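Participant: I have a structure I would like to understand better, so I am pasting it below and will then ask my questions one at a time.
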Amino acid sequence: MAVGEFGQRVADIFRIHTEKPELIRAQVRALSRQIPVLYMLLLANAVALAYTHYGVAPDWLTIYAIGILAVVCIMRAISWSRAGLDVSDIAVCIGHLRKIRVLAAAVAVLFTAWAITMFGYGDPYQKGHVAYFISITVVGCIFCLVNFPPAAMLVVVIVLGTFVMFFGLSGNEVYVAIAVNMALVSVMIIQIIRSFYSNFVGLIDTQLDLEDQHQTTIELSRQNEALALIDALTGLSNRRAFFAMLEQTVAQAGPNDQFAVAMIDLDGFKPVNDVHGHPIGDELLIQAGMRLRRILGDETLLARLGGDEFGVILTKGRDAIELIELGCELCKALNRPFVLSNITVQVSASLGFATYPSVARNSNGLFERADFALYHAKKNCPGEPVLFAAHHETLIRHDSQIEQALRKADLSRELSLHYQPVFNIKTGRVNSIEALARWDSETMGRVSPATFFPVAEKTGQVSFLTRVLFEKLLEDMAGWPGSVQVSFNLSARDIVLSDTVEWLIEQITHKNIDPARLTFEVTETAFLRDFAAARTSIRYLRQHGARVALDDFGIGYSSLRYVHELEFDALKVDRSFITPLANNERSRRIVKTVVDMCANLDIDCVLEGIETESQRDAVMALGGRLMQGYFFARPDREPRLVALSDALRA
C-alpha cells in the first residue's frame with residue numbers, strides 16, 4: 001500500500017463524515033446518552049487513584065486537581081444530560097461532534113499527563129494502580145465513544161500510545177511486559193472499534209432503508225387509496241368516492257344546511273359505443289366529463305358512477321329554480337355534438353335532482369330519489385332535468401305497492417291475455433293477433449301493463465311473468481286453427497337471457513305448436529342493454545322457426561343498424577308517427593320511407609295506433625298494408641279471427 005494511500009486511510013479514521021447526515025444524527029443521539037457516563041467514569045477512577053496516592057503525592061495532584069476535575073466532570077455530565085439536543089439541524093450536530101473530538105483529545109492529554117505525574121510517587125503497588133487506572137479508564141472511555149471513532153481513536157492513540165512508550169522505555173522488565181501487553185490490547189481495541197462502528201453504520205443504513213421502504217409503502221398506499229377513489233378512464237371521482245362523500249356530507253350537515261344530489265345519464269351512448277367501437281365511446285365519456293367539470297368547477301364533486309352515468313354532489317345551497325337552470329345548462333352542454341377522432345356524434349343527457357333535507361335525510365334515500373328523478377326524465381322528458389318532488393314520492397310508493405302486490409299475487413290465476421288483431425287492409429282478413437298482458441290484482445284491481453311490467457323488470461320478476469303468460473298463450477293457441485299467427489311481447493330482460501329463450505322453444509316443442517305461428521316482439525331497449533346477447537337470442541329463435549319483430553320502431557337511436565344486422569321478420573311503426581299523419585307532412589314522409597324500406601327488404605310493416613278513419617286512409621295512401629288499432633278492434637279476451645267488414649270498408 002502506498003504511503004499516500006495509507007495516510008489517507010488514517011486521516012479518514014479521524015474525519016467526520018458530513019456526507020452522511022443520518023449517521024451524524026445517530027452518533028449525536030448515542031453520544032448524548034454515553035458522554036455523561038464517560039465523565040462519571042473518569043471522575044470515579046480518578047478519585048480512586050488520588051485516594052491511594054493521598055499523602056504520598058503532592059496535594060495539588062491528589063486534592064486540588066481532583067477537585068477541579070470533579071467540578072468539570074459533574075458540570076459537563078449535567079450539561080449533556082439536560083441538553084435535549086435537536087438533531088434536526090445537521091450543522092448543529094456536526095458542531096457537537098467537532099467539539100467532542102477536540103474535548104476527547106484535550107481530556108486524554110490532561111488525564112495522561114496527570115497519571116504519568118502520579119506514577120512518580122508511591123511504592124510498586126501504587127504504581128501498579130496507575131497502570132490499572134490507565135487500562136480500565138481507557139477501555140471504559142473507548143466504549144463510551146465507540147459510536148464516534150474519531151474521538152475513540154484519539155483516546156487510544158493519546159492514552160495508550162503514551163503509556164506504551166512510557167512503560168516500554170522504562171527499562172523495567174515488568175513495565176516493558178505491560179507495555180507490550182498494552183500495545184497488543186490497543187491493536188485489539190482498534191479492531192473492536194472498527195468492527196463495532198462498521199456494524200453501527202450498517203445498522204443506520206438498514207434503518208434508513210427500512211424507513212425508505214416504509215415511506216415508499218405509505219406513499220404507495222396513499223396513491224392506491226387515491227386511485228381507488230378515481231375513475232381510471234375519465235380521471236373523475238368514482239362510485240366509491242361518490243358514496244363516501246355523500247355519506248360524509250349527510251353526516252356533517254347541520255340543521256339548516258341544504259345540498260343537492262344530481263344523477264346524469266347520456267341518452268344514446270350505447271348505440272355510439274356499438275356502432276363506432278369502445279375507443280370512441282371512451283373518448284365520448286372523457287369529453288362529457290370535461291364539459292361537466294367546466295360548468296361545475298373543481299370544488300364540486302363530480303363522479304363517474306359506471307357506464308355512461310355521472311353523479312354530482314352540490315354542497316352549495318341552491319333553490320329549485322337555480323337547480324333547474326344548472327340542470328338545463330348541463331344538459332345543453334352534453335347535447336352539443338362531440339368530435340371524436342374525426343367522427344362527429346351527438347347524444348343527449350337526462351338529469352335528476354334530489355335535495356337534502358326536503359326529500360331525504362340519508363344518503364341512500366337521496367341517491368334513490370335522484371335516480372328515480374333521472375328515470376322519470378328519461379321516460380317522460382329526455383334531454384331535460386327533473387327535480388324530485390312530492391308527486392314522485394307518490395309514484396315511488398305506488399311502484400313499491402305494485403312490487404309487493406306482484407310478490408304476493410297468485411300470478412297464474414290473476415294474469416290473463418287479451419288479444420288484438422292485426423288486419424291486412426288489402427285482403428280484408430286478419431293477418432295475426434297480438435297477445436297483450438292483463439293483471440287483475442286482488443289488492444289493487446286492474447293494473448296496466450305499462451305500469452307493472454317496468455316494475456317487474458326493475459325487481460327481476462319479469463321472467464316469471466313472461467313464463468306464466470306464455471304458458472297461457474300456448475294453452476289458448478291449442479284451441480285455435482293452425483293458420484292463426486300470434487305475436488308475443490318479450491321484455492328487454494327476457495331477450496338477453498339465454499335460459500328464457502331456450503325455455504320458450506322447449507315449451508313450443510312440448511305443446512306441439514308450429515314455431516312459424518309465433519312472432520316474438522322486442523324493443524330497442526333490449527339492444528341497448530346488451531346487443532351481443534340480444535342478437536344471439538334473436539338468431540336462436542329464428543333458427544328454430546319462430547319470427548321476430550322490432551316493436552316501437554323509429555323512437556330509438558340506431559333502428560336501421562338493428563334492422564340491418566338482426567334480420568327482423570317485421571317492423572312495427574310506433575303510434576307516435578301515426579297520430580300526426582293527417583296534418584304533418586314530415587310524419588307522412590317518414591312513414592312512407594319505412595313502408596317502402598320494408599317492401600324492399602321483403603319484411604312485414606305493421607302500423608300501430610290506427611284510431612280514426614282519416615289515419616287509416618292516410619296510411620293506405622302511403623302504401624301501408626298491415627294495420628292495428630282501436631279503429632279496427634280493441635283488445636279482447638276472445639280473439640276476433642274474422643274480418644271486420646265495416647272497419648275495413650274504405
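In the C-alpha cells, the first chain shown is A, the next is B, and so on; residue numbers restart at 1 for each chain, and ligands run from 1 in the order shown.
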Extract, using only C-alpha atoms, all DNA, RNA and protein residues at most 6 Å from Lys572 of chain A, discarding same-chain residues fewer than 3 positions from it, and format them as a ChimeraX atom specification.
Facilitator: /A:551-553,605-607
Participant: Which residues of segment 17-68 of chain A have any atom within 10 Å of an atom in segment 131-136 of chain A when counting only C-alpha atoms, and what is the closest pair of atoms for each, with the distance in Å to one decimal? Order the rows by chain and rising number and write it as CSV.
Facilitator:
```
residue,atom,partner,partner_atom,distance
A:Leu41,CA,A:Ile136,CA,9.6
A:Leu42,CA,A:Phe133,CA,9.6
A:Asn45,CA,A:Phe133,CA,6.5
A:Ala46,CA,A:Phe133,CA,7.7
A:Ala48,CA,A:Phe133,CA,8.6
A:Leu49,CA,A:Phe133,CA,6.9
```
Participant: Quick one: write out the picked residues with C-alpha atoms as a CSV table (one decimal), in the first residue's frame?
Facilitator:
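The result, stored in part01.csv:
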```csv
chain,number,residue,atom,x,y,z
A,41,LEU,CA,-16.3,7.0,34.9
A,42,LEU,CA,-13.4,9.4,34.6
A,45,ASN,CA,-11.4,6.2,38.6
A,46,ALA,CA,-9.5,9.5,39.2
A,48,ALA,CA,-9.8,6.2,43.4
A,49,LEU,CA,-6.3,6.8,42.1
```
Participant: Can you list every residue of segment 318-394 of chain A that has an atom at most 10 Å from segment 251-262 of chain A, with its nearest atom pair and the distance in Å to one decimal, using only C-alpha atoms, ordered by chain then number, as a tab-separated table?
Facilitator:
```
residue	atom	partner	partner_atom	distance
A:Arg318	CA	A:Phe259	CA	7.2
A:Asp319	CA	A:Gln258	CA	9.3
A:Ala320	CA	A:Ala260	CA	10.0
A:Leu323	CA	A:Ala260	CA	8.4
A:Gly327	CA	A:Ala262	CA	8.6
A:Leu351	CA	A:Ala262	CA	6.8
A:Gly352	CA	A:Ala262	CA	5.5
A:Phe353	CA	A:Ala262	CA	4.5
A:Ala354	CA	A:Val261	CA	5.3
A:Thr355	CA	A:Ala260	CA	4.2
A:Tyr356	CA	A:Phe259	CA	5.4
A:Pro357	CA	A:Gln258	CA	6.4
A:Ser358	CA	A:Gln258	CA	8.5
A:Val359	CA	A:Ala260	CA	9.9
A:Arg361	CA	A:Ala251	CA	9.6
A:Asn362	CA	A:Ala251	CA	8.5
A:Ser363	CA	A:Ala251	CA	9.1
A:Leu366	CA	A:Val261	CA	6.8
A:Phe367	CA	A:Val261	CA	7.1
A:Arg369	CA	A:Val261	CA	9.1
A:Ala370	CA	A:Ala262	CA	6.0
A:Asp371	CA	A:Ala262	CA	8.2
A:Ala373	CA	A:Ala262	CA	9.0
A:Leu374	CA	A:Ala262	CA	8.5
A:Pro385	CA	A:Ala262	CA	9.3
A:Val386	CA	A:Ala262	CA	9.6
A:Leu387	CA	A:Ala262	CA	9.0
```
Participant: Residues of the last selection are to be written out with C-alpha atoms, as a tab-separated table (two decimals), in the first residue's frame.
Facilitator:
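Result went into again-v4.tsv, see below:
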```
chain	number	residue	atom	x	y	z
A	318	ARG	CA	-79.50	26.27	-4.33
A	319	ASP	CA	-83.24	26.74	-4.66
A	320	ALA	CA	-85.38	24.81	-7.14
A	323	LEU	CA	-81.08	23.77	-9.74
A	327	GLY	CA	-79.53	21.19	-14.94
A	351	LEU	CA	-80.72	14.59	-15.31
A	352	GLY	CA	-82.40	14.03	-11.97
A	353	PHE	CA	-82.03	16.11	-8.78
A	354	ALA	CA	-82.78	15.22	-5.17
A	355	THR	CA	-82.37	17.75	-2.35
A	356	TYR	CA	-81.41	17.41	1.32
A	357	PRO	CA	-83.31	17.55	3.63
A	358	SER	CA	-86.56	18.17	1.77
A	359	VAL	CA	-86.84	14.76	0.04
A	361	ARG	CA	-82.19	12.80	5.13
A	362	ASN	CA	-79.90	9.85	4.44
A	363	SER	CA	-77.50	9.00	1.63
A	366	LEU	CA	-81.07	10.86	-1.66
A	367	PHE	CA	-79.43	8.60	-4.23
A	369	ARG	CA	-84.69	9.68	-5.34
A	370	ALA	CA	-82.15	11.34	-7.63
A	371	ASP	CA	-82.05	8.09	-9.60
A	373	ALA	CA	-85.90	11.62	-10.97
A	374	LEU	CA	-83.41	10.62	-13.68
A	385	PRO	CA	-83.56	17.96	-15.87
A	386	VAL	CA	-86.17	16.80	-13.36
A	387	LEU	CA	-86.27	17.83	-9.71
```
Participant: If you run DSSP over the backbone, which residues in segment 150-387 of chain A end up strand (DSSP E)? Put them as number ranges by chain.
Facilitator: A: 259-267, 301-306, 309-314, 338-340, 343-345, 348-356, 385-387
Participant: Tell me, as a ChimeraX atom specification, which residues lie within 9 Å of Phe453 of chain A, counting only C-alpha atoms; anything in the same chain fewer than 6 positions away does not count.
Facilitator: /A:461-462,465,491
Participant: Got a sec: who's within 12 Å of segment 544-547 of chain A, counting only C-alpha atoms, leaving out chain neighbours fewer than 5 positions off, as a ChimeraX atom specification?
Facilitator: /A:485-489,501-502,504-506,508-509,513-522,537-539,566-571,603-604
Participant: At a cut-off of 9 Å, using only C-alpha atoms, what residues contact segment 67-70 of chain A? Leave out same-chain residues fewer than 3 positions from it and give the result as a PyMOL selection string.
Facilitator: chain A and resi 40+42-43+46-47+62-64+73-75
Participant: Do a neighbour search on Gln420 of chain A at 9 Å with only C-alpha atoms, toss out local chain neighbours closer than 2 positions, and write the hits as a list in words.
Facilitator: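 Everything that qualifies: His418, Val422, Ser432, Ile433, Glu434, Ala435, Leu436, Gln628, Gly629, Tyr630, Ala633, Arg634, Pro635, Asp636, Arg637, Pro639 and Arg640 of chain A.
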Participant: Output all heavy atoms for every residue in the selection just made, as a short mmCIF file (atom, residue, chain, number, x, y, z; two decimals), in the first residue's frame.
Facilitator:
```cif
data_model
loop_
_atom_site.label_atom_id
_atom_site.label_comp_id
_atom_site.auth_asym_id
_atom_site.auth_seq_id
_atom_site.Cartn_x
_atom_site.Cartn_y
_atom_site.Cartn_z
N HIS A 418 -105.27 -10.75 -23.32
CA HIS A 418 -106.26 -10.25 -24.24
C HIS A 418 -105.59 -10.15 -25.62
O HIS A 418 -104.37 -10.03 -25.71
CB HIS A 418 -106.79 -8.89 -23.80
CG HIS A 418 -107.75 -8.98 -22.65
ND1 HIS A 418 -108.81 -8.12 -22.48
CD2 HIS A 418 -107.83 -9.85 -21.61
CE1 HIS A 418 -109.49 -8.45 -21.39
NE2 HIS A 418 -108.91 -9.50 -20.84
N VAL A 422 -104.34 -7.82 -35.99
CA VAL A 422 -103.66 -7.01 -36.99
C VAL A 422 -104.30 -7.36 -38.33
O VAL A 422 -104.30 -8.52 -38.73
CB VAL A 422 -102.14 -7.30 -37.01
CG1 VAL A 422 -101.47 -6.52 -38.16
CG2 VAL A 422 -101.51 -6.95 -35.68
N SER A 432 -102.81 -11.43 -38.21
CA SER A 432 -102.30 -12.06 -36.99
C SER A 432 -103.00 -11.41 -35.80
O SER A 432 -103.75 -10.43 -35.96
CB SER A 432 -100.78 -11.88 -36.87
OG SER A 432 -100.46 -10.51 -36.78
N ILE A 433 -102.73 -11.95 -34.63
CA ILE A 433 -103.25 -11.32 -33.41
C ILE A 433 -102.10 -11.13 -32.42
O ILE A 433 -101.16 -11.94 -32.38
CB ILE A 433 -104.39 -12.15 -32.77
CG1 ILE A 433 -103.91 -13.58 -32.46
CG2 ILE A 433 -105.62 -12.17 -33.64
CD1 ILE A 433 -104.93 -14.40 -31.72
N GLU A 434 -102.18 -10.05 -31.65
CA GLU A 434 -101.13 -9.77 -30.66
C GLU A 434 -101.66 -10.08 -29.27
O GLU A 434 -102.76 -9.67 -28.90
CB GLU A 434 -100.70 -8.30 -30.74
CG GLU A 434 -99.61 -7.97 -29.72
CD GLU A 434 -99.17 -6.51 -29.77
OE1 GLU A 434 -99.76 -5.74 -30.55
OE2 GLU A 434 -98.24 -6.14 -29.01
N ALA A 435 -100.87 -10.83 -28.51
CA ALA A 435 -101.23 -11.17 -27.13
C ALA A 435 -100.79 -10.04 -26.21
O ALA A 435 -99.61 -9.65 -26.20
CB ALA A 435 -100.56 -12.47 -26.72
N LEU A 436 -101.72 -9.50 -25.43
CA LEU A 436 -101.45 -8.38 -24.54
C LEU A 436 -101.77 -8.78 -23.11
O LEU A 436 -102.86 -9.30 -22.82
CB LEU A 436 -102.28 -7.16 -24.95
CG LEU A 436 -102.03 -6.66 -26.39
CD1 LEU A 436 -103.09 -5.64 -26.77
CD2 LEU A 436 -100.64 -6.08 -26.51
N GLN A 628 -103.12 -1.94 -37.17
CA GLN A 628 -103.62 -2.37 -35.86
C GLN A 628 -104.03 -1.13 -35.09
O GLN A 628 -103.37 -0.11 -35.13
CB GLN A 628 -102.51 -3.13 -35.11
CG GLN A 628 -102.91 -3.65 -33.74
CD GLN A 628 -101.73 -4.36 -33.05
OE1 GLN A 628 -100.59 -4.19 -33.44
NE2 GLN A 628 -102.04 -5.13 -32.04
N GLY A 629 -105.14 -1.22 -34.37
CA GLY A 629 -105.56 -0.08 -33.57
C GLY A 629 -107.02 -0.17 -33.19
O GLY A 629 -107.77 -1.05 -33.63
N TYR A 630 -107.44 0.78 -32.34
CA TYR A 630 -108.81 0.77 -31.83
C TYR A 630 -109.84 0.99 -32.94
O TYR A 630 -111.01 0.63 -32.80
CB TYR A 630 -108.98 1.86 -30.78
CG TYR A 630 -108.33 1.54 -29.44
CD1 TYR A 630 -108.37 2.46 -28.39
CD2 TYR A 630 -107.70 0.31 -29.22
CE1 TYR A 630 -107.80 2.17 -27.17
CE2 TYR A 630 -107.12 0.02 -28.01
CZ TYR A 630 -107.16 0.95 -26.98
OH TYR A 630 -106.60 0.66 -25.78
N ALA A 633 -110.28 -2.82 -33.88
CA ALA A 633 -110.74 -3.68 -32.77
C ALA A 633 -109.93 -3.38 -31.52
O ALA A 633 -108.72 -3.12 -31.61
CB ALA A 633 -110.60 -5.15 -33.16
N ARG A 634 -110.60 -3.43 -30.39
CA ARG A 634 -109.91 -3.28 -29.12
C ARG A 634 -109.45 -4.65 -28.63
O ARG A 634 -109.99 -5.68 -29.05
CB ARG A 634 -110.85 -2.65 -28.08
CG ARG A 634 -111.16 -1.18 -28.36
CD ARG A 634 -112.09 -0.61 -27.31
NE ARG A 634 -112.29 0.82 -27.52
CZ ARG A 634 -111.53 1.77 -27.01
NH1 ARG A 634 -110.51 1.44 -26.23
NH2 ARG A 634 -111.78 3.04 -27.26
N PRO A 635 -108.44 -4.69 -27.75
CA PRO A 635 -108.03 -5.98 -27.19
C PRO A 635 -109.19 -6.65 -26.47
O PRO A 635 -109.97 -5.99 -25.78
CB PRO A 635 -106.91 -5.61 -26.22
CG PRO A 635 -106.41 -4.28 -26.71
CD PRO A 635 -107.60 -3.58 -27.27
N ASP A 636 -109.31 -7.97 -26.64
CA ASP A 636 -110.42 -8.70 -26.04
C ASP A 636 -109.91 -10.07 -25.60
O ASP A 636 -108.95 -10.61 -26.16
CB ASP A 636 -111.56 -8.86 -27.04
CG ASP A 636 -112.88 -9.20 -26.35
OD1 ASP A 636 -112.83 -9.72 -25.21
OD2 ASP A 636 -113.94 -8.94 -26.93
N ARG A 637 -110.59 -10.60 -24.58
CA ARG A 637 -110.18 -11.93 -24.10
C ARG A 637 -110.39 -12.97 -25.18
O ARG A 637 -109.58 -13.89 -25.34
CB ARG A 637 -111.00 -12.29 -22.85
CG ARG A 637 -110.67 -13.66 -22.28
CD ARG A 637 -109.27 -13.70 -21.69
NE ARG A 637 -108.88 -15.07 -21.36
CZ ARG A 637 -108.19 -15.87 -22.15
NH1 ARG A 637 -107.83 -15.48 -23.35
NH2 ARG A 637 -107.87 -17.08 -21.75
N PRO A 639 -110.24 -13.72 -28.96
CA PRO A 639 -109.69 -13.11 -30.17
C PRO A 639 -110.69 -13.11 -31.33
O PRO A 639 -111.44 -14.08 -31.51
CB PRO A 639 -108.48 -13.99 -30.49
CG PRO A 639 -108.81 -15.31 -29.88
CD PRO A 639 -109.60 -15.01 -28.64
N ARG A 640 -110.72 -12.04 -32.07
CA ARG A 640 -111.59 -11.94 -33.23
C ARG A 640 -110.79 -12.36 -34.45
O ARG A 640 -109.85 -11.68 -34.86
CB ARG A 640 -112.09 -10.51 -33.38
CG ARG A 640 -113.24 -10.39 -34.36
CD ARG A 640 -114.04 -9.15 -34.04
NE ARG A 640 -115.27 -9.12 -34.79
CZ ARG A 640 -116.21 -8.22 -34.62
NH1 ARG A 640 -116.05 -7.28 -33.71
NH2 ARG A 640 -117.33 -8.23 -35.33
#
```
Participant: Write out, as CSV, each residue of segment 39-155 of chain A that has an atom at most 6 Å from segment 18-35 of chain A, together with the closest pair of atoms and their distance in Å to one decimal, counting only C-alpha atoms, rows going by chain and rising number.
Facilitator:
```
residue,atom,partner,partner_atom,distance
A:Val87,CA,A:Arg25,CA,5.6
A:Cys144,CA,A:Gln34,CA,5.3
A:Asn147,CA,A:Gln27,CA,5.9
```
Participant: Export, as a CSV table (one decimal), in the first residue's frame, the selected residues with C-alpha atoms.
Facilitator:
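Below you can see again_14.csv, which holds the result:
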```csv
chain,number,residue,atom,x,y,z
A,87,VAL,CA,-30.7,16.6,15.8
A,144,CYS,CA,-18.5,5.3,25.7
A,147,ASN,CA,-20.1,5.2,18.1
```
Participant: Using only C-alpha atoms, which residues sit within 10 Å of Arg293 of chain A once same-chain residues fewer than 6 positions away are excluded, as a ChimeraX atom specification?
Facilitator: /A:236,287,299-303,330
Participant: Please indicate the distance in Å from atom CA of Val595 of chain A to atom CA of Gln615 of chain A, rounded to one decimal place.
Facilitator: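 Taking atom CA of Val595 of chain A as the start and atom CA of Gln615 of chain A as the end point, the length is 15.0 Å.
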Participant: Which of these, A:Glu393, A:Glu219, A:Asp602, A:Glu585, has the shortest distance to Leu622 of chain A once you count only C-alpha atoms?
Facilitator: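 That would be A:Glu585, the residue with the smallest distance to Leu622 of chain A.
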Participant: Grab the atom CA of Phe166 of chain A to atom CA of Ile66 of chain A distance for me, in Å with one decimal place.
Facilitator: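 So the two atoms, atom CA of Phe166 of chain A and atom CA of Ile66 of chain A, lie 23.0 Å apart.
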Participant: What is the distance, in Å and to one decimal place, between atom CA of Val176 of chain A and atom CA of His129 of chain A?
Facilitator: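 Calculated distance between atom CA of Val176 of chain A and atom CA of His129 of chain A is 16.1 Å.
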